[in-house]
Amino acid sequence: MKELEKYCSEDDEIWDLARHHNDDPSLWIHAHTLVENCEFVCNGIGALVICVSSINYQSAITHSLFDKNFIGVTSLEKEHLVEHNEFRNNYLTGIALDKGSRSICRENLFVGNGHMGIIEPNNPMNDFRSAILSCFCITSSVPKIQTPLIFNNTFVNNERALVVVEPEYRSQYMNRPFFFNNIISDSKPCVLFVGDSVRCYAIGAANCFDSQSYKDVVSSDQDWLTRLDMHKSPGFSDEFSYTLEKESPCIDAGMFVLNPGVMSEKNYSDYGQMDIGFHQLPGTGVHLLAPINLRIEENMGEEEMRLLWEKNGPPFPHGYLVRVETVYGDNVQAIYCEETNFNFYNLALDYDHLYFWVFSHLNRCVYSDPVMIEWMK
């Protein structure tokens with residue numbers, strides 16, 4: 001940690017990400033790149049993603065560990081995807097967003113970030129210590145609106161979950177992250193810090209705040225727009241992986257926002273309600289197989305009309321998602337099942353013609369291709 005302190009001691013007054021966004025990166029990404037299954041430990045910056053806004057492709061960082069770096073990831077300009085990673089004990093912040101970043105930060109675990117050691121209480125560096133830092137510092141020749149999407153992450157024991165600041169006056173129009181479906185546990189001294197510039201703001205919804213160690217969710221002179229939040233224990237199953245128990249109040253409590261065709265990017269097939277927090281995946285390279293032998297058995301006398309199928313693997317799924325559509329493609333129902341059957345007797349009373357789509361899933365996060373069957377009365 002002493003070696004990392006040099007990055008915050010080079011400025012006489014206010015530390016500025018604009019001067020340090022490229023300090024000793026372990027990996028410098030300036031093209032369409034996939035980073036997968038890597039470990040970044042004790043670097044100035046773990047990975048610097050700097051594709052210019054004129055490039056039509058985003059880069060992605062997934063299934064990687066960022067531990068004890070000054071900054072874990074710096075993501076600039078584009079809609080880079082940062083998902084299914086762990087950020088632990090990074091000195092200043094886990095992820096720094098700058099230059100009009102529209103990055104998507106989802107399904108990550110943040111533990112112990114922003115604890116830079118003992119520094120003076122009035123040191124300006126205190127304002128940047130966080131799990132995620134949205135700091136709009138570099139505004140030349142880049143989009144002047146910074147609106148990253150931060151959702152379905154779990155934050156545990158970070159200095160703050162999110163900081164939204166500009167260290168000095170800049171010419172941007174807006175620095176406004178969207179923050180929803182996240183779990184925040186034991187952040188000190190607050191969950192969110194928003195700078196005093198009118199250009200800095202945050203919009204949040206459906207977050208779970210679990211901590212007795214802070215009084216305010218927000219430390220700011222400004223309000224922030226938030227709704228549908230809960231203030232209760234998320235129900236972690238253990239204190240290292242931070243996955244959720246089956247009885248967790250965060251299950252199916254998130255915003256239903258990832259409709260295919262809206263923001264799902266064709267690889268998130270969750271047609272049901274979202275959970276709050278991240279989902280732990282079994283690993284990369286896992287290709288989940290679709291159910292097999294899908295069929296319908298009707299027994300109207302017993303008030304049963306069952307959709308039946310058989311599991312397929314390995315890997316074997318944690319459950320199934322059944323989506324019911326009309327002949328016109330309208331959504332009738334989407335339901336999760338742990339068993340390999342679904343009784344649609346009540347639906348058959350109201351409809352004459354339905355399509356059933358069945359997906360296998362792991363942790364409601366990895367989905368198979370669907371299998372479909374048609375039913376007519």
# chains A, B, ... in the order shown; residues from 1 in each chain; ligands from 1
$ select_by_dssp --residues "range 25-140 of chain A" --states "strand (DSSP E)" --output "number ranges by chain"
A: 25-29, 34-36, 39-41, 45-49, 60-62, 65-67, 71-76, 81-83, 86-88, 93-98, 104-106, 109-111, 130-135
$ write_last_selection --atoms "C-alpha atoms" --output "PDB file, in the first residue's frame"
ATOM      1  CA  PRO A  25      -1.806   0.324 -16.198  1.00  0.00           C
ATOM      2  CA  SER A  26      -1.274  -3.415 -16.197  1.00  0.00           C
ATOM      3  CA  LEU A  27      -3.346  -3.645 -19.392  1.00  0.00           C
ATOM      4  CA  TRP A  28      -4.006  -0.792 -21.841  1.00  0.00           C
ATOM      5  CA  ILE A  29      -6.989  -1.473 -24.112  1.00  0.00           C
ATOM      6  CA  LEU A  34     -12.478  -9.210 -24.490  1.00  0.00           C
ATOM      7  CA  VAL A  35     -10.664  -9.648 -21.167  1.00  0.00           C
ATOM      8  CA  GLU A  36     -11.654 -12.856 -19.409  1.00  0.00           C
ATOM      9  CA  GLU A  39      -6.144 -11.414 -12.142  1.00  0.00           C
ATOM     10  CA  PHE A  40      -4.875  -7.859 -11.668  1.00  0.00           C
ATOM     11  CA  VAL A  41      -2.987  -7.341  -8.394  1.00  0.00           C
ATOM     12  CA  ILE A  45      -4.481   0.701 -12.703  1.00  0.00           C
ATOM     13  CA  GLY A  46      -5.520  -2.877 -13.303  1.00  0.00           C
ATOM     14  CA  ALA A  47      -7.058  -2.340 -16.750  1.00  0.00           C
ATOM     15  CA  LEU A  48      -7.398   0.929 -18.666  1.00  0.00           C
ATOM     16  CA  VAL A  49     -10.123   0.805 -21.333  1.00  0.00           C
ATOM     17  CA  ALA A  60     -15.693  -6.232 -22.197  1.00  0.00           C
ATOM     18  CA  ILE A  61     -14.024  -7.288 -18.945  1.00  0.00           C
ATOM     19  CA  THR A  62     -15.529 -10.371 -17.338  1.00  0.00           C
ATOM     20  CA  LEU A  65     -10.258 -10.361 -10.117  1.00  0.00           C
ATOM     21  CA  PHE A  66      -9.002  -6.856  -9.292  1.00  0.00           C
ATOM     22  CA  ASP A  67      -7.213  -6.866  -5.938  1.00  0.00           C
ATOM     23  CA  ILE A  71      -7.689   1.770  -9.318  1.00  0.00           C
ATOM     24  CA  GLY A  72      -9.119  -1.532 -10.500  1.00  0.00           C
ATOM     25  CA  VAL A  73     -10.574  -0.498 -13.883  1.00  0.00           C
ATOM     26  CA  THR A  74     -10.659   2.893 -15.608  1.00  0.00           C
ATOM     27  CA  SER A  75     -13.349   2.919 -18.296  1.00  0.00           C
ATOM     28  CA  LEU A  76     -13.525   5.839 -20.718  1.00  0.00           C
ATOM     29  CA  LEU A  81     -19.111  -3.872 -20.372  1.00  0.00           C
ATOM     30  CA  VAL A  82     -17.740  -4.698 -16.922  1.00  0.00           C
ATOM     31  CA  GLU A  83     -19.553  -7.757 -15.574  1.00  0.00           C
ATOM     32  CA  GLU A  86     -14.639  -9.201  -8.197  1.00  0.00           C
ATOM     33  CA  PHE A  87     -13.133  -5.934  -6.965  1.00  0.00           C
ATOM     34  CA  ARG A  88     -11.423  -6.364  -3.596  1.00  0.00           C
ATOM     35  CA  THR A  93     -11.702   2.860  -6.178  1.00  0.00           C
ATOM     36  CA  GLY A  94     -12.743  -0.335  -7.896  1.00  0.00           C
ATOM     37  CA  ILE A  95     -13.976   1.297 -11.128  1.00  0.00           C
ATOM     38  CA  ALA A  96     -13.275   4.853 -12.292  1.00  0.00           C
ATOM     39  CA  LEU A  97     -15.544   6.249 -15.047  1.00  0.00           C
ATOM     40  CA  ASP A  98     -14.490   9.297 -17.054  1.00  0.00           C
ATOM     41  CA  ILE A 104     -22.383  -0.906 -18.135  1.00  0.00           C
ATOM     42  CA  CYS A 105     -21.306  -2.184 -14.717  1.00  0.00           C
ATOM     43  CA  ARG A 106     -23.405  -5.181 -13.750  1.00  0.00           C
ATOM     44  CA  LEU A 109     -18.917  -7.970  -6.348  1.00  0.00           C
ATOM     45  CA  PHE A 110     -17.177  -5.042  -4.602  1.00  0.00           C
ATOM     46  CA  VAL A 111     -15.551  -5.723  -1.214  1.00  0.00           C
ATOM     47  CA  SER A 130     -15.333   4.389  -3.251  1.00  0.00           C
ATOM     48  CA  ALA A 131     -16.240   1.175  -5.019  1.00  0.00           C
ATOM     49  CA  ILE A 132     -17.254   3.104  -8.170  1.00  0.00           C
ATOM     50  CA  LEU A 133     -16.114   6.639  -9.002  1.00  0.00           C
ATOM     51  CA  SER A 134     -17.970   8.601 -11.695  1.00  0.00           C
ATOM     52  CA  CYS A 135     -15.533  11.483 -12.106  1.00  0.00           C
TER      53      CYS A 135
END
$ residues_around --residues "Tyr345 in chain A" --least-positions-apart "3" --cutoff "7 Å" --atoms "only C-alpha atoms" --output "count of residues only"
5
$ closest_residue --among "A:Ile296, A:Ala206, A:Ala290, A:Cys38" --to "Phe180 in chain A" --atoms "only C-alpha atoms"
A:Ala206
$ residues_around --residues "Asn341 in chain A" --least-positions-apart "4" --cutoff "12 Å" --atoms "only C-alpha atoms" --output "number ranges by chain"
A: 291, 293-297, 304-311, 319-322, 335-337, 356, 358
$ write_last_selection --atoms "N, CA and C atoms" --output "tab-separated table (two decimals), in the first residue's frame"
chain	number	residue	atom	x	y	z
A	291	PRO	N	-33.90	-27.61	-22.09
A	291	PRO	CA	-34.66	-28.81	-21.67
A	291	PRO	C	-34.99	-29.68	-22.88
A	293	ASN	N	-37.52	-33.13	-24.46
A	293	ASN	CA	-38.78	-33.87	-24.39
A	293	ASN	C	-39.92	-33.00	-23.84
A	294	LEU	N	-40.04	-31.81	-24.38
A	294	LEU	CA	-41.13	-30.91	-23.98
A	294	LEU	C	-42.45	-31.43	-24.55
A	295	ARG	N	-43.47	-31.53	-23.70
A	295	ARG	CA	-44.75	-32.09	-24.12
A	295	ARG	C	-45.87	-31.56	-23.25
A	296	ILE	N	-47.09	-31.81	-23.65
A	296	ILE	CA	-48.28	-31.36	-22.92
A	296	ILE	C	-49.14	-32.58	-22.59
A	297	GLU	N	-49.61	-32.64	-21.35
A	297	GLU	CA	-50.56	-33.66	-20.92
A	297	GLU	C	-51.80	-32.97	-20.38
A	304	GLU	N	-56.20	-30.35	-14.48
A	304	GLU	CA	-54.77	-30.30	-14.72
A	304	GLU	C	-54.50	-30.26	-16.21
A	305	MET	N	-53.69	-29.33	-16.60
A	305	MET	CA	-53.14	-29.28	-17.96
A	305	MET	C	-51.67	-28.95	-17.78
A	306	ARG	N	-50.83	-29.94	-17.94
A	306	ARG	CA	-49.43	-29.80	-17.54
A	306	ARG	C	-48.50	-29.73	-18.74
A	307	LEU	N	-47.57	-28.82	-18.61
A	307	LEU	CA	-46.43	-28.74	-19.51
A	307	LEU	C	-45.30	-29.51	-18.83
A	308	LEU	N	-44.75	-30.51	-19.51
A	308	LEU	CA	-43.72	-31.37	-18.93
A	308	LEU	C	-42.47	-31.33	-19.79
A	309	TRP	N	-41.32	-31.50	-19.15
A	309	TRP	CA	-40.05	-31.57	-19.86
A	309	TRP	C	-39.05	-32.33	-19.00
A	310	GLU	N	-37.86	-32.54	-19.52
A	310	GLU	CA	-36.81	-33.24	-18.79
A	310	GLU	C	-35.55	-32.39	-18.78
A	311	LYS	N	-34.81	-32.50	-17.68
A	311	LYS	CA	-33.58	-31.71	-17.56
A	311	LYS	C	-32.51	-32.27	-18.48
A	319	GLY	N	-32.91	-24.31	-12.20
A	319	GLY	CA	-34.35	-24.21	-12.37
A	319	GLY	C	-34.69	-23.86	-13.81
A	320	TYR	N	-35.94	-23.45	-14.00
A	320	TYR	CA	-36.44	-23.21	-15.35
A	320	TYR	C	-37.28	-21.93	-15.37
A	321	LEU	N	-37.27	-21.29	-16.50
A	321	LEU	CA	-38.13	-20.14	-16.75
A	321	LEU	C	-39.13	-20.53	-17.83
A	322	VAL	N	-40.42	-20.38	-17.53
A	322	VAL	CA	-41.48	-20.68	-18.48
A	322	VAL	C	-42.13	-19.36	-18.89
A	335	ILE	N	-42.86	-17.30	-15.41
A	335	ILE	CA	-42.77	-17.87	-14.07
A	335	ILE	C	-41.55	-18.77	-13.97
A	336	TYR	N	-40.89	-18.75	-12.80
A	336	TYR	CA	-39.77	-19.63	-12.54
A	336	TYR	C	-40.27	-20.91	-11.88
A	337	CYS	N	-39.71	-22.04	-12.30
A	337	CYS	CA	-40.08	-23.35	-11.75
A	337	CYS	C	-38.81	-24.09	-11.34
A	356	PHE	N	-45.68	-21.85	-25.52
A	356	PHE	CA	-44.90	-21.99	-24.30
A	356	PHE	C	-43.42	-22.07	-24.66
A	358	VAL	N	-39.62	-22.58	-22.82
A	358	VAL	CA	-39.00	-23.04	-21.57
A	358	VAL	C	-37.48	-22.89	-21.70
$ atom_distance --atom1 "CA of Ser233 in chain A" --atom2 "CA of Asn89 in chain A"
22.8 Å
$ closest_residue --among "A:Thr33, A:Asn346, A:Asn181, A:Ser101" --to "Phe136 in chain A" --atoms "only C-alpha atoms"
A:Ser101
$ closest_residue --among "A:Phe209, A:Phe128, A:Phe155, A:Tyr57" --to "His30 in chain A" --atoms "only C-alpha atoms"
A:Tyr57
$ atom_distance --atom1 "CA of Ser368 in chain A" --atom2 "CA of Asp352 in chain A"
28.0 Å
$ residues_around --residues "Asp369 in chain A" --least-positions-apart "5" --cutoff "8 Å" --atoms "only C-alpha atoms" --output "list in words"
Leu289, Ala290, Phe359 and Ser360 of chain A
$ residues_around --residues "Glu79 in chain A" --least-positions-apart "2" --cutoff "6 Å" --atoms "only C-alpha atoms" --output "PyMOL selection string"
chain A and resi 58+102-103
$ atom_distance --atom1 "CA of Asp186 in chain A" --atom2 "CA of Asn37 in chain A"
28.1 Å
